[in-house]
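target-v1.pdb, holding PDB, C-alpha atoms:
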```pdb
ATOM      1  CA  MET Z1079       0.000   0.000   0.000
ATOM      2  CA  TYR Z1080       1.290   3.440  -0.884
ATOM      3  CA  HIS Z1081       0.323   6.550   1.041
ATOM      4  CA  HIS Z1082       1.097  10.051  -0.227
ATOM      5  CA  VAL Z1083       2.200  12.598   2.370
ATOM      6  CA  LYS Z1084       1.602  16.173   1.176
ATOM      7  CA  LYS Z1085       5.137  17.289   1.917
ATOM      8  CA  LEU Z1086       8.272  17.143  -0.194
ATOM      9  CA  MET Z1087      11.168  15.047   1.069
ATOM     10  CA  TYR Z1088      13.313  18.127   0.491
ATOM     11  CA  THR Z1089      12.001  21.695   0.313
ATOM     12  CA  VAL Z1090      12.674  23.154  -3.130
ATOM     13  CA  ASN Z1091      13.500  26.838  -3.591
ATOM     14  CA  VAL Z1092      14.305  28.399  -6.959
ATOM     15  CA  GLY Z1093      15.485  32.000  -7.124
ATOM     16  CA  THR Z1094      15.514  32.678 -10.879
ATOM     17  CA  PRO Z1095      13.706  30.223 -13.181
ATOM     18  CA  ASP Z1096      15.786  28.899 -16.075
ATOM     19  CA  PRO Z1097      13.646  27.085 -18.685
ATOM     20  CA  ALA Z1098      16.690  25.730 -20.532
ATOM     21  CA  PHE Z1099      17.988  24.214 -17.322
ATOM     22  CA  GLY Z1100      14.505  22.903 -16.540
ATOM     23  CA  LYS Z1101      14.695  20.929 -19.754
ATOM     24  CA  MET Z1102      18.066  19.498 -18.671
ATOM     25  CA  LEU Z1103      16.458  18.407 -15.414
ATOM     26  CA  LEU Z1104      13.983  16.266 -17.345
ATOM     27  CA  GLU Z1105      16.846  13.771 -17.694
ATOM     28  CA  GLN Z1106      16.371  12.891 -14.028
ATOM     29  CA  PHE Z1107      12.587  12.717 -14.346
ATOM     30  CA  GLY Z1108      11.999  10.661 -17.481
ATOM     31  CA  GLY Z1109      15.507   9.654 -18.510
ATOM     32  CA  ALA Z1110      17.279   6.303 -18.473
ATOM     33  CA  ASN Z1111      19.048   7.094 -15.199
ATOM     34  CA  GLY Z1112      16.261   9.141 -13.672
ATOM     35  CA  GLU Z1113      14.189   8.739 -10.552
ATOM     36  CA  LEU Z1114      11.152   7.118 -12.187
ATOM     37  CA  ALA Z1115      13.320   4.401 -13.723
ATOM     38  CA  ALA Z1116      14.984   3.770 -10.355
ATOM     39  CA  ALA Z1117      11.674   3.660  -8.497
ATOM     40  CA  MET Z1118      10.167   1.185 -10.958
ATOM     41  CA  GLN Z1119      13.304  -0.957 -11.175
ATOM     42  CA  TYR Z1120      13.736  -1.421  -7.433
ATOM     43  CA  SER Z1121      10.026  -1.890  -6.748
ATOM     44  CA  ILE Z1122       9.570  -4.564  -9.421
ATOM     45  CA  GLN Z1123      12.731  -6.298  -8.251
ATOM     46  CA  ALA Z1124      11.262  -6.295  -4.747
ATOM     47  CA  TRP Z1125       7.985  -7.838  -5.885
ATOM     48  CA  ASN Z1126      10.029 -10.639  -7.457
ATOM     49  CA  CYS Z1127      12.317 -11.080  -4.432
ATOM     50  CA  GLU Z1128      11.826 -14.130  -2.186
ATOM     51  CA  ASP Z1129      14.261 -12.947   0.495
ATOM     52  CA  ALA Z1130      12.223 -10.944   3.030
ATOM     53  CA  ALA Z1131      15.053  -8.781   4.344
ATOM     54  CA  ARG Z1132      16.369  -7.679   0.963
ATOM     55  CA  LYS Z1133      12.843  -7.284  -0.363
ATOM     56  CA  ASP Z1134      12.308  -4.751   2.422
ATOM     57  CA  LEU Z1135      15.485  -2.935   1.345
ATOM     58  CA  LEU Z1136      14.364  -2.770  -2.290
ATOM     59  CA  LEU Z1137      10.916  -1.483  -1.332
ATOM     60  CA  ASP Z1138      12.373   1.145   1.011
ATOM     61  CA  ILE Z1139      14.713   2.537  -1.608
ATOM     62  CA  GLY Z1140      12.213   2.163  -4.446
ATOM     63  CA  THR Z1141       9.697   4.180  -2.452
ATOM     64  CA  GLU Z1142      12.297   6.825  -1.612
ATOM     65  CA  GLU Z1143      13.012   7.154  -5.317
ATOM     66  CA  LEU Z1144       9.351   8.067  -5.853
ATOM     67  CA  SER Z1145       9.864  10.825  -3.283
ATOM     68  CA  HIS Z1146      12.908  11.969  -5.241
ATOM     69  CA  LEU Z1147      10.807  12.002  -8.407
ATOM     70  CA  GLU Z1148       8.400  14.350  -6.674
ATOM     71  CA  VAL Z1149      11.262  16.656  -5.658
ATOM     72  CA  VAL Z1150      12.717  16.668  -9.175
ATOM     73  CA  GLY Z1151       9.247  17.318 -10.587
ATOM     74  CA  ALA Z1152       8.757  20.331  -8.310
ATOM     75  CA  LEU Z1153      12.172  21.674  -9.301
ATOM     76  CA  ILE Z1154      11.410  21.243 -13.012
ATOM     77  CA  ARG Z1155       8.017  22.953 -12.741
ATOM     78  CA  MET Z1156       9.608  25.996 -11.108
ATOM     79  CA  HIS Z1157      12.253  26.291 -13.798
ATOM     80  CA  LEU Z1158       9.813  25.764 -16.663
ATOM     81  CA  LYS Z1159       7.174  28.177 -15.364
ATOM     82  CA  PRO Z1160       8.137  31.036 -17.756
ATOM     83  CA  MET Z1161       7.174  28.795 -20.687
ATOM     84  CA  LYS Z1162       3.526  29.277 -19.763
ATOM     85  CA  THR Z1163       3.554  33.043 -20.426
ATOM     86  CA  ASP Z1164       6.782  33.976 -22.216
ATOM     87  CA  ARG Z1165       6.857  33.384 -25.985
ATOM     88  CA  ALA Z1166      10.675  33.274 -26.187
ATOM     89  CA  ALA Z1167      10.843  30.725 -23.394
ATOM     90  CA  ALA Z1168       8.075  28.678 -25.023
ATOM     91  CA  GLU Z1169       9.853  28.633 -28.369
ATOM     92  CA  ALA Z1170      12.928  27.150 -26.700
ATOM     93  CA  ASP Z1171      11.052  23.853 -26.516
ATOM     94  CA  PRO Z1172       7.613  23.634 -28.135
ATOM     95  CA  LEU Z1173       7.294  19.968 -27.117
ATOM     96  CA  VAL Z1174       7.519  20.782 -23.425
ATOM     97  CA  THR Z1175       5.377  23.897 -23.795
ATOM     98  CA  ILE Z1176       2.584  22.777 -26.101
ATOM     99  CA  ALA Z1177       2.439  19.015 -25.485
ATOM    100  CA  GLY Z1178       3.449  19.152 -21.823
ATOM    101  CA  GLY Z1179       1.779  22.409 -20.827
ATOM    102  CA  GLY Z1180       5.050  23.913 -19.716
ATOM    103  CA  GLY Z1181       5.478  21.356 -16.962
ATOM    104  CA  VAL Z1182       6.935  17.940 -16.309
ATOM    105  CA  CYS Z1183       6.417  15.177 -18.832
ATOM    106  CA  LEU Z1184       7.653  11.617 -19.103
ATOM    107  CA  CYS Z1185      10.521  12.294 -21.432
ATOM    108  CA  ASN Z1186      14.236  12.909 -21.117
ATOM    109  CA  SER Z1187      16.197  16.087 -21.850
ATOM    110  CA  ALA Z1188      16.168  15.275 -25.581
ATOM    111  CA  GLY Z1189      12.400  14.796 -25.684
ATOM    112  CA  THR Z1190      12.512  11.002 -25.968
ATOM    113  CA  ALA Z1191       9.615   9.306 -24.181
ATOM    114  CA  TRP Z1192      10.257   7.250 -21.066
ATOM    115  CA  THR Z1193      10.301   3.508 -21.666
ATOM    116  CA  ALA Z1194      10.302   0.391 -19.511
ATOM    117  CA  ASP Z1195      13.299  -0.704 -21.564
ATOM    118  CA  TYR Z1196      15.324   1.390 -19.110
ATOM    119  CA  LEU Z1197      14.623  -1.126 -16.336
ATOM    120  CA  LYS Z1198      17.046  -3.901 -15.416
ATOM    121  CA  VAL Z1199      15.045  -6.669 -13.747
ATOM    122  CA  THR Z1200      16.358 -10.237 -13.991
ATOM    123  CA  GLY Z1201      14.693 -11.988 -11.045
ATOM    124  CA  ASP Z1202      18.157 -12.983  -9.769
ATOM    125  CA  LEU Z1203      18.808 -11.015  -6.585
ATOM    126  CA  ALA Z1204      22.593 -10.866  -6.877
ATOM    127  CA  VAL Z1205      22.425  -9.718 -10.500
ATOM    128  CA  ASP Z1206      19.734  -7.135  -9.716
ATOM    129  CA  LEU Z1207      21.737  -5.703  -6.807
ATOM    130  CA  ARG Z1208      24.746  -5.277  -9.096
ATOM    131  CA  SER Z1209      22.525  -3.487 -11.621
ATOM    132  CA  ASN Z1210      21.274  -1.207  -8.865
ATOM    133  CA  ILE Z1211      24.778  -0.271  -7.757
ATOM    134  CA  ALA Z1212      25.550   0.740 -11.342
ATOM    135  CA  ALA Z1213      22.234   2.616 -11.634
ATOM    136  CA  GLU Z1214      23.012   4.689  -8.548
ATOM    137  CA  ALA Z1215      26.472   5.501  -9.920
ATOM    138  CA  ARG Z1216      24.971   6.698 -13.215
ATOM    139  CA  ALA Z1217      22.349   8.807 -11.437
ATOM    140  CA  LYS Z1218      25.029  10.351  -9.232
ATOM    141  CA  ILE Z1219      27.147  11.465 -12.162
ATOM    142  CA  VAL Z1220      24.106  13.018 -13.886
ATOM    143  CA  TYR Z1221      23.331  15.069 -10.762
ATOM    144  CA  ASP Z1222      27.007  15.997 -10.555
ATOM    145  CA  ARG Z1223      26.867  17.398 -14.094
ATOM    146  CA  LEU Z1224      23.567  19.202 -13.532
ATOM    147  CA  ILE Z1225      24.987  21.006 -10.481
ATOM    148  CA  ASN Z1226      27.775  22.360 -12.672
ATOM    149  CA  PHE Z1227      25.277  23.949 -15.078
ATOM    150  CA  THR Z1228      23.219  26.056 -12.682
ATOM    151  CA  GLU Z1229      24.120  29.053 -10.562
ATOM    152  CA  ASP Z1230      20.840  29.065  -8.645
ATOM    153  CA  VAL Z1231      21.705  28.324  -5.012
ATOM    154  CA  GLY Z1232      18.398  26.690  -4.121
ATOM    155  CA  THR Z1233      18.643  24.417  -7.144
ATOM    156  CA  GLN Z1234      22.222  23.468  -6.318
ATOM    157  CA  GLU Z1235      21.253  22.604  -2.739
ATOM    158  CA  THR Z1236      18.366  20.419  -3.908
ATOM    159  CA  LEU Z1237      20.526  18.589  -6.417
ATOM    160  CA  GLN Z1238      23.255  18.115  -3.804
ATOM    161  CA  PHE Z1239      20.697  16.440  -1.517
ATOM    162  CA  LEU Z1240      19.533  14.116  -4.288
ATOM    163  CA  MET Z1241      23.087  13.342  -5.424
ATOM    164  CA  THR Z1242      24.115  12.411  -1.894
ATOM    165  CA  ARG Z1243      21.235   9.962  -1.522
ATOM    166  CA  GLU Z1244      22.485   8.089  -4.592
ATOM    167  CA  ILE Z1245      25.717   7.295  -2.751
ATOM    168  CA  THR Z1246      23.769   6.171   0.328
ATOM    169  CA  HIS Z1247      21.700   3.811  -1.799
ATOM    170  CA  MET Z1248      24.792   2.492  -3.545
ATOM    171  CA  ARG Z1249      26.310   1.640  -0.169
ATOM    172  CA  SER Z1250      23.116  -0.131   0.944
ATOM    173  CA  PHE Z1251      22.922  -2.226  -2.218
ATOM    174  CA  ALA Z1252      26.611  -3.121  -1.984
ATOM    175  CA  ALA Z1253      26.222  -4.172   1.654
ATOM    176  CA  ALA Z1254      23.134  -6.240   0.817
ATOM    177  CA  LEU Z1255      25.045  -8.040  -1.929
ATOM    178  CA  GLU Z1256      28.006  -8.721   0.349
ATOM    179  CA  SER Z1257      25.738  -9.948   3.143
ATOM    180  CA  MET Z1258      24.377 -12.688   0.881
ATOM    181  CA  GLU Z1259      27.677 -14.478   1.561
ATOM    182  CA  LYS Z1260      27.820 -15.470  -2.077
ATOM    183  CA  PRO Z1261      31.137 -15.943  -3.910
ATOM    184  CA  ALA Z1262      32.020 -12.713  -5.712
ATOM    185  CA  TYR Z1263      31.578 -14.032  -9.255
ATOM    186  CA  SER Z1264      28.930 -16.668  -8.654
ATOM    187  CA  ILE Z1265      26.012 -16.030 -10.997
ATOM    188  CA  GLY Z1266      23.085 -18.351 -11.691
ATOM    189  CA  THR Z1267      23.163 -22.113 -11.150
ATOM    190  CA  ILE Z1268      25.656 -23.475 -13.693
ATOM    191  CA  ALA Z1269      29.375 -23.322 -12.923
ATOM    192  CA  PRO Z1270      31.657 -21.745 -15.562
ATOM    193  CA  THR Z1271      34.239 -23.765 -17.452
ATOM    194  CA  PRO Z1272      37.394 -24.242 -15.342
ATOM    195  CA  THR Z1273      40.634 -22.816 -16.770
ATOM    196  CA  LEU Z1274      38.697 -20.862 -19.429
ATOM    197  CA  VAL Z1275      37.152 -18.675 -16.732
ATOM    198  CA  ASP Z1276      40.617 -17.509 -15.652
ATOM    199  CA  GLU Z1277      41.889 -16.617 -19.124
ATOM    200  CA  TYR Z1278      42.150 -12.966 -20.165
ATOM    201  CA  PHE Z1279      42.240 -12.882 -23.964
ATOM    202  CA  ASN Z1280      44.699 -10.327 -25.348
ATOM    203  CA  ALA Z1281      42.537  -9.264 -28.274
ATOM    204  CA  SER Z1282      44.211  -5.946 -29.185
ATOM    205  CA  THR Z1283      47.775  -6.255 -30.402
ATOM    206  CA  GLY Z1284      50.159  -4.195 -32.478
ATOM    207  CA  GLU Z1285      53.443  -2.356 -32.486
ATOM    208  CA  GLY Z1286      54.691   1.051 -31.362
ATOM    209  CA  ASP Z1287      53.096   3.368 -28.779
ATOM    210  CA  LEU Z1288      49.524   2.626 -29.919
ATOM    211  CA  GLY Z1289      50.127  -1.109 -29.855
ATOM    212  CA  LYS Z1290      51.571  -1.376 -26.359
ATOM    213  CA  ASP Z1291      50.088  -4.157 -24.235
ATOM    214  CA  TYR Z1292      49.389  -3.075 -20.665
ATOM    215  CA  VAL Z1293      49.550  -5.422 -17.716
ATOM    216  CA  GLY Z1294      47.486  -4.811 -14.594
ATOM    217  CA  PRO Z1295      45.372  -6.619 -12.033
ATOM    218  CA  TRP Z1296      42.574  -6.831 -14.615
ATOM    219  CA  ASN Z1297      44.577  -9.301 -16.723
ATOM    220  CA  GLU Z1298      47.358 -10.606 -14.454
ATOM    221  CA  GLY Z1299      45.929 -10.951 -10.987
ATOM    222  CA  ASN Z1300      42.676 -11.772  -9.230
ATOM    223  CA  GLY Z1301      43.211 -15.301 -10.494
ATOM    224  CA  LEU Z1302      43.438 -14.157 -14.117
ATOM    225  CA  HIS Z1303      46.277 -14.589 -16.586
ATOM    226  CA  ILE Z1304      46.911 -13.334 -20.123
ATOM    227  CA  VAL Z1305      46.346 -15.637 -23.082
ATOM    228  CA  ASN Z1306      47.521 -14.550 -26.519
ATOM    229  CA  SER Z1307      45.839 -15.364 -29.810
ATOM    230  CA  LYS Z1308      47.192 -18.223 -31.883
ATOM    231  CA  ARG Z1309      47.535 -15.636 -34.634
ATOM    232  CA  GLU Z1310      50.182 -14.037 -32.430
ATOM    233  CA  SER Z1311      51.835 -17.419 -31.765
ATOM    234  CA  GLY Z1312      49.970 -17.709 -28.480
ATOM    235  CA  GLU Z1313      48.198 -20.661 -26.976
ATOM    236  CA  GLY Z1314      44.688 -19.325 -27.572
ATOM    237  CA  LEU Z1315      41.680 -19.787 -25.309
ATOM    238  CA  THR Z1316      40.810 -23.178 -23.865
ATOM    239  CA  ILE Z1317      38.068 -24.641 -26.079
ATOM    240  CA  LYS Z1318      37.690 -28.133 -24.634
ATOM    241  CA  PRO Z1319      33.934 -28.813 -24.159
ATOM    242  CA  TYR Z1320      32.661 -28.727 -20.589
ATOM    243  CA  LYS Z1321      29.067 -29.520 -19.597
ATOM    244  CA  PRO Z1322      28.286 -28.953 -15.902
ATOM    245  CA  GLN Z1323      24.756 -29.495 -14.619
ATOM    246  CA  PRO Z1324      22.467 -26.929 -12.963
ATOM    247  CA  GLY Z1325      23.269 -26.702  -9.266
ATOM    248  CA  THR Z1326      27.042 -26.801  -9.767
ATOM    249  CA  GLU Z1327      27.427 -23.061  -9.175
ATOM    250  CA  LYS Z1328      27.770 -21.930  -5.557
ATOM    251  CA  MET Z1329      24.463 -20.583  -4.277
ATOM    252  CA  SER Z1330      23.371 -18.458  -1.348
ATOM    253  CA  PRO Z1331      20.431 -19.201   0.982
ATOM    254  CA  HIS Z1332      19.163 -15.734   0.017
ATOM    255  CA  ASP Z1333      18.929 -16.547  -3.692
ATOM    256  CA  SER Z1334      15.488 -16.779  -5.251
ATOM    257  CA  THR Z1335      14.304 -20.132  -6.540
ATOM    258  CA  PRO Z1336      16.499 -20.729  -9.605
ATOM    259  CA  VAL Z1337      14.723 -20.749 -12.935
ATOM    260  CA  GLY Z1338      15.210 -24.033 -14.752
ATOM    261  CA  ALA Z1339      17.248 -25.670 -11.980
ATOM    262  CA  ASN Z1340      14.806 -28.534 -11.493
ATOM    263  CA  VAL Z1341      13.622 -28.921 -15.062
ATOM    264  CA  PRO Z1342      14.154 -32.529 -16.201
ATOM    265  CA  PRO Z1343      16.499 -32.969 -19.156
ATOM    266  CA  ARG Z1344      14.907 -32.977 -22.581
ATOM    267  CA  PRO Z1345      14.770 -36.360 -24.304
ATOM    268  CA  LYS Z1346      17.295 -36.844 -27.040
ATOM    269  CA  ALA Z1347      16.024 -36.643 -30.589
ATOM    270  CA  ALA Z1348      15.420 -39.982 -32.262
TER     271      ALA Z1348
END
```
Show how you would write the structure in this file as structure tokens.
Amino acid sequence: MYHHVKKLMYTVNVGTPDPAFGKMLLEQFGGANGELAAAMQYSIQAWNCEDAARKDLLLDIGTEELSHLEVVGALIRMHLKPMKTDRAAAEADPLVTIAGGGGVCLCNSAGTAWTADYLKVTGDLAVDLRSNIAAEARAKIVYDRLINFTEDVGTQETLQFLMTREITHMRSFAAALESMEKPAYSIGTIAPTPTLVDEYFNASTGEGDLGKDYVGPWNEGNGLHIVNSKRESGEGLTIKPYKPQPGTEKMSPHDSTPVGANVPPRPKAA
């Protein structure tokens, strides 16, 4: 059950409206990394989640994102207000003015309509939490950029509040993922191919400054090692077939019921 409280989560004050900046703000209302997308993503993930504790987390943050949407909407309306009466301001974006009435609409800063394609919902809790961490990082950097393009103090303060909450949410999602006590790279139910999983394929080679091969912990470390292409007289990737069964990957007691884990094998074709 949702209950609307007639009070913004953060009080919005705008000194001088800036319709062009109001249009930029639409990115965080109806954009791919905006508050509506976050609210829908976390809420739907929660409805799919079978772990009560982490379901509560997803619902808490999903609901807070709806509150953020309301704050962003109030901020946008204040900045777009001149479009209702000023011809020059209206001409800056006829779509927002004529189709949207000079107020918020479900589109991004380029006028592209919001779509559910923005949502990352897999039904696998560990995968969804990783998606959420990335979503919060993307939202944070958008707020960071917006702050740099306004000189209105009240707007900056509001955006700073919203930007900070993204980091809080990122920390919560990261802690929830860690608390599942699941191996760091354990995804799904089927174990990866041994040896192959540890091979970093050196796929960009050449000579001179532009062709230098760099070595770091992403290719030599963390259990990984560099494998060169046979074209470069290397050993190539391990291609020996490997067919593990569902249930061979390390699971967590907090994982949802795996899809397909208990499906009987299909009969072989005659």
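The nearest approach to Gln1323 of chain Z among the residues Z:Thr1271, Z:Lys1162, Z:Gly1100, Z:Leu1144, with all atoms listed in the file taken into account, belongs to Z:Thr1271.
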Residue neighbourhood Ala1166 of chain Z, 12 Å, only C-alpha atoms, exclusion window fewer than 5 positions, as a PDB file with C-alpha atoms, keeping the file's coordinate frame:
```pdb
ATOM      1  CA  PRO Z1097      13.646  27.085 -18.685  1.00  0.00           C
ATOM      2  CA  ALA Z1098      16.690  25.730 -20.532  1.00  0.00           C
ATOM      3  CA  PRO Z1160       8.137  31.036 -17.756  1.00  0.00           C
ATOM      4  CA  MET Z1161       7.174  28.795 -20.687  1.00  0.00           C
ATOM      5  CA  ASP Z1171      11.052  23.853 -26.516  1.00  0.00           C
ATOM      6  CA  PRO Z1172       7.613  23.634 -28.135  1.00  0.00           C
ATOM      7  CA  THR Z1175       5.377  23.897 -23.795  1.00  0.00           C
TER       8      THR Z1175
END
```
Fewer than 3 positions away in the same chain doesn't count, so skip those; otherwise give me all residues within 12 Å of Leu1224 of chain Z, counting only C-alpha atoms, as a CSV table (one decimal) with C-alpha atoms, keeping the file's coordinate frame.
```csv
chain,number,residue,atom,x,y,z
Z,1098,ALA,CA,16.7,25.7,-20.5
Z,1099,PHE,CA,18.0,24.2,-17.3
Z,1100,GLY,CA,14.5,22.9,-16.5
Z,1101,LYS,CA,14.7,20.9,-19.8
Z,1102,MET,CA,18.1,19.5,-18.7
Z,1103,LEU,CA,16.5,18.4,-15.4
Z,1104,LEU,CA,14.0,16.3,-17.3
Z,1105,GLU,CA,16.8,13.8,-17.7
Z,1106,GLN,CA,16.4,12.9,-14.0
Z,1150,VAL,CA,12.7,16.7,-9.2
Z,1187,SER,CA,16.2,16.1,-21.8
Z,1217,ALA,CA,22.3,8.8,-11.4
Z,1218,LYS,CA,25.0,10.4,-9.2
Z,1219,ILE,CA,27.1,11.5,-12.2
Z,1220,VAL,CA,24.1,13.0,-13.9
Z,1221,TYR,CA,23.3,15.1,-10.8
Z,1227,PHE,CA,25.3,23.9,-15.1
Z,1228,THR,CA,23.2,26.1,-12.7
Z,1229,GLU,CA,24.1,29.1,-10.6
Z,1230,ASP,CA,20.8,29.1,-8.6
Z,1233,THR,CA,18.6,24.4,-7.1
Z,1234,GLN,CA,22.2,23.5,-6.3
Z,1235,GLU,CA,21.3,22.6,-2.7
Z,1236,THR,CA,18.4,20.4,-3.9
Z,1237,LEU,CA,20.5,18.6,-6.4
Z,1238,GLN,CA,23.3,18.1,-3.8
Z,1240,LEU,CA,19.5,14.1,-4.3
Z,1241,MET,CA,23.1,13.3,-5.4
```
(request) Could you state which residues are captured by the PyMOL selection byres ((chain Z and resi 1197) around 9) in this file, as a list in words? (result)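 So the PyMOL selection byres ((chain Z and resi 1197) around 9), applied here, picks out Ala1110, Ala1115, Ala1116, Met1118, Gln1119, Tyr1120, Thr1193, Ala1194, Asp1195, Tyr1196, Lys1198 and Val1199 of chain Z.
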(request) Specify as a list in words each residue included when the PyMOL selection byres ((chain Z and resi 1333) around 9) is applied to this file. (result)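 Going through the file, the PyMOL selection byres ((chain Z and resi 1333) around 9) ends up selecting Cys1127, Glu1128, Asp1129, Asp1202, Leu1203, Ala1204, Met1258, Met1329, Ser1330, Pro1331, His1332, Ser1334, Thr1335 and Pro1336 of chain Z.
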(request) Run the PyMOL selection byres ((chain Z and resi 1215) around 12) mentally over the shown coordinates, then write out the matched residues as an NGL selection string, using the chain letters and numbers from the document. (result) :Z and (1111-1112 or 1116 or 1208-1214 or 1216-1222 or 1241-1249 or 1251-1252)
Atoms to include: C-alpha atoms. Write the selected residues as a PDB file, keeping the file's coordinate frame.
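Written output follows (result-v6.pdb):
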```pdb
ATOM      1  CA  ASN Z1111      19.048   7.094 -15.199  1.00  0.00           C
ATOM      2  CA  GLY Z1112      16.261   9.141 -13.672  1.00  0.00           C
ATOM      3  CA  ALA Z1116      14.984   3.770 -10.355  1.00  0.00           C
ATOM      4  CA  ARG Z1208      24.746  -5.277  -9.096  1.00  0.00           C
ATOM      5  CA  SER Z1209      22.525  -3.487 -11.621  1.00  0.00           C
ATOM      6  CA  ASN Z1210      21.274  -1.207  -8.865  1.00  0.00           C
ATOM      7  CA  ILE Z1211      24.778  -0.271  -7.757  1.00  0.00           C
ATOM      8  CA  ALA Z1212      25.550   0.740 -11.342  1.00  0.00           C
ATOM      9  CA  ALA Z1213      22.234   2.616 -11.634  1.00  0.00           C
ATOM     10  CA  GLU Z1214      23.012   4.689  -8.548  1.00  0.00           C
ATOM     11  CA  ARG Z1216      24.971   6.698 -13.215  1.00  0.00           C
ATOM     12  CA  ALA Z1217      22.349   8.807 -11.437  1.00  0.00           C
ATOM     13  CA  LYS Z1218      25.029  10.351  -9.232  1.00  0.00           C
ATOM     14  CA  ILE Z1219      27.147  11.465 -12.162  1.00  0.00           C
ATOM     15  CA  VAL Z1220      24.106  13.018 -13.886  1.00  0.00           C
ATOM     16  CA  TYR Z1221      23.331  15.069 -10.762  1.00  0.00           C
ATOM     17  CA  ASP Z1222      27.007  15.997 -10.555  1.00  0.00           C
ATOM     18  CA  MET Z1241      23.087  13.342  -5.424  1.00  0.00           C
ATOM     19  CA  THR Z1242      24.115  12.411  -1.894  1.00  0.00           C
ATOM     20  CA  ARG Z1243      21.235   9.962  -1.522  1.00  0.00           C
ATOM     21  CA  GLU Z1244      22.485   8.089  -4.592  1.00  0.00           C
ATOM     22  CA  ILE Z1245      25.717   7.295  -2.751  1.00  0.00           C
ATOM     23  CA  THR Z1246      23.769   6.171   0.328  1.00  0.00           C
ATOM     24  CA  HIS Z1247      21.700   3.811  -1.799  1.00  0.00           C
ATOM     25  CA  MET Z1248      24.792   2.492  -3.545  1.00  0.00           C
ATOM     26  CA  ARG Z1249      26.310   1.640  -0.169  1.00  0.00           C
ATOM     27  CA  PHE Z1251      22.922  -2.226  -2.218  1.00  0.00           C
ATOM     28  CA  ALA Z1252      26.611  -3.121  -1.984  1.00  0.00           C
TER      29      ALA Z1252
END
```
Mind checking which residues fall within 12 Å of Lys1308 of chain Z, counting all atoms listed in the file, ignoring those fewer than 6 positions away in the same chain, and posting them as a PDB file with C-alpha atoms, in the frame of the given file?
```pdb
ATOM      1  CA  PHE Z1279      42.240 -12.882 -23.964  1.00  0.00           C
ATOM      2  CA  ASN Z1280      44.699 -10.327 -25.348  1.00  0.00           C
ATOM      3  CA  ALA Z1281      42.537  -9.264 -28.274  1.00  0.00           C
ATOM      4  CA  GLY Z1314      44.688 -19.325 -27.572  1.00  0.00           C
ATOM      5  CA  LEU Z1315      41.680 -19.787 -25.309  1.00  0.00           C
ATOM      6  CA  THR Z1316      40.810 -23.178 -23.865  1.00  0.00           C
TER       7      THR Z1316
END
```
(message) Taking 3 positions as the minimum chain separation for residues in the same chain, which residues sit within 12 Å of Asn1297 of chain Z when counting only C-alpha atoms? Answer as a list in words.
(response) Val1275, Asp1276, Glu1277, Tyr1278, Phe1279, Asn1280, Ala1281, Asp1291, Tyr1292, Val1293, Gly1294, Asn1300, Gly1301, Leu1302, His1303, Ile1304, Val1305 and Asn1306 of chain Z
Please dump the current selection as a PDB file, in the frame of the given file; keep C-alpha atoms.
```pdb
ATOM      1  CA  VAL Z1275      37.152 -18.675 -16.732  1.00  0.00           C
ATOM      2  CA  ASP Z1276      40.617 -17.509 -15.652  1.00  0.00           C
ATOM      3  CA  GLU Z1277      41.889 -16.617 -19.124  1.00  0.00           C
ATOM      4  CA  TYR Z1278      42.150 -12.966 -20.165  1.00  0.00           C
ATOM      5  CA  PHE Z1279      42.240 -12.882 -23.964  1.00  0.00           C
ATOM      6  CA  ASN Z1280      44.699 -10.327 -25.348  1.00  0.00           C
ATOM      7  CA  ALA Z1281      42.537  -9.264 -28.274  1.00  0.00           C
ATOM      8  CA  ASP Z1291      50.088  -4.157 -24.235  1.00  0.00           C
ATOM      9  CA  TYR Z1292      49.389  -3.075 -20.665  1.00  0.00           C
ATOM     10  CA  VAL Z1293      49.550  -5.422 -17.716  1.00  0.00           C
ATOM     11  CA  GLY Z1294      47.486  -4.811 -14.594  1.00  0.00           C
ATOM     12  CA  ASN Z1300      42.676 -11.772  -9.230  1.00  0.00           C
ATOM     13  CA  GLY Z1301      43.211 -15.301 -10.494  1.00  0.00           C
ATOM     14  CA  LEU Z1302      43.438 -14.157 -14.117  1.00  0.00           C
ATOM     15  CA  HIS Z1303      46.277 -14.589 -16.586  1.00  0.00           C
ATOM     16  CA  ILE Z1304      46.911 -13.334 -20.123  1.00  0.00           C
ATOM     17  CA  VAL Z1305      46.346 -15.637 -23.082  1.00  0.00           C
ATOM     18  CA  ASN Z1306      47.521 -14.550 -26.519  1.00  0.00           C
TER      19      ASN Z1306
END
```
(message) To one decimal place in Å, what is the distance between atom CA of Gly1232 of chain Z and atom CA of Val1090 of chain Z?
(response)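 One can read the atom CA of Gly1232 of chain Z to atom CA of Val1090 of chain Z distance as 6.8 Å.
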(request) May I ask for the distance between atom CA of Met1087 of chain Z and atom CA of Gly1108 of chain Z, given in Å to one decimal place? (result)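 Going from atom CA of Met1087 of chain Z over to atom CA of Gly1108 of chain Z, I get 19.1 Å.
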(request) Between atom CA of Pro1324 of chain Z and atom CA of Thr1267 of chain Z, measure the distance and give it in Å to one decimal. (result) 5.2 Å
(request) Kindly provide, as a PyMOL selection string, the polymer residues lying within 10 Å of (10.4, 17.8, -4.9), counting only C-alpha atoms and using the coordinates exactly as they appear in the file. (result) chain Z and resi 1085-1091+1144-1155+1236+1240
(request) Give the answer as one residue: which of Z:Ala1191, Z:Met1079, Z:Arg1132, Z:Ala1262 has the shortest atom-to-atom distance to Leu1173 of chain Z, using all atoms listed in the file? (result)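 Residue with the minimum atom-to-atom distance to Leu1173 of chain Z: Z:Ala1191.
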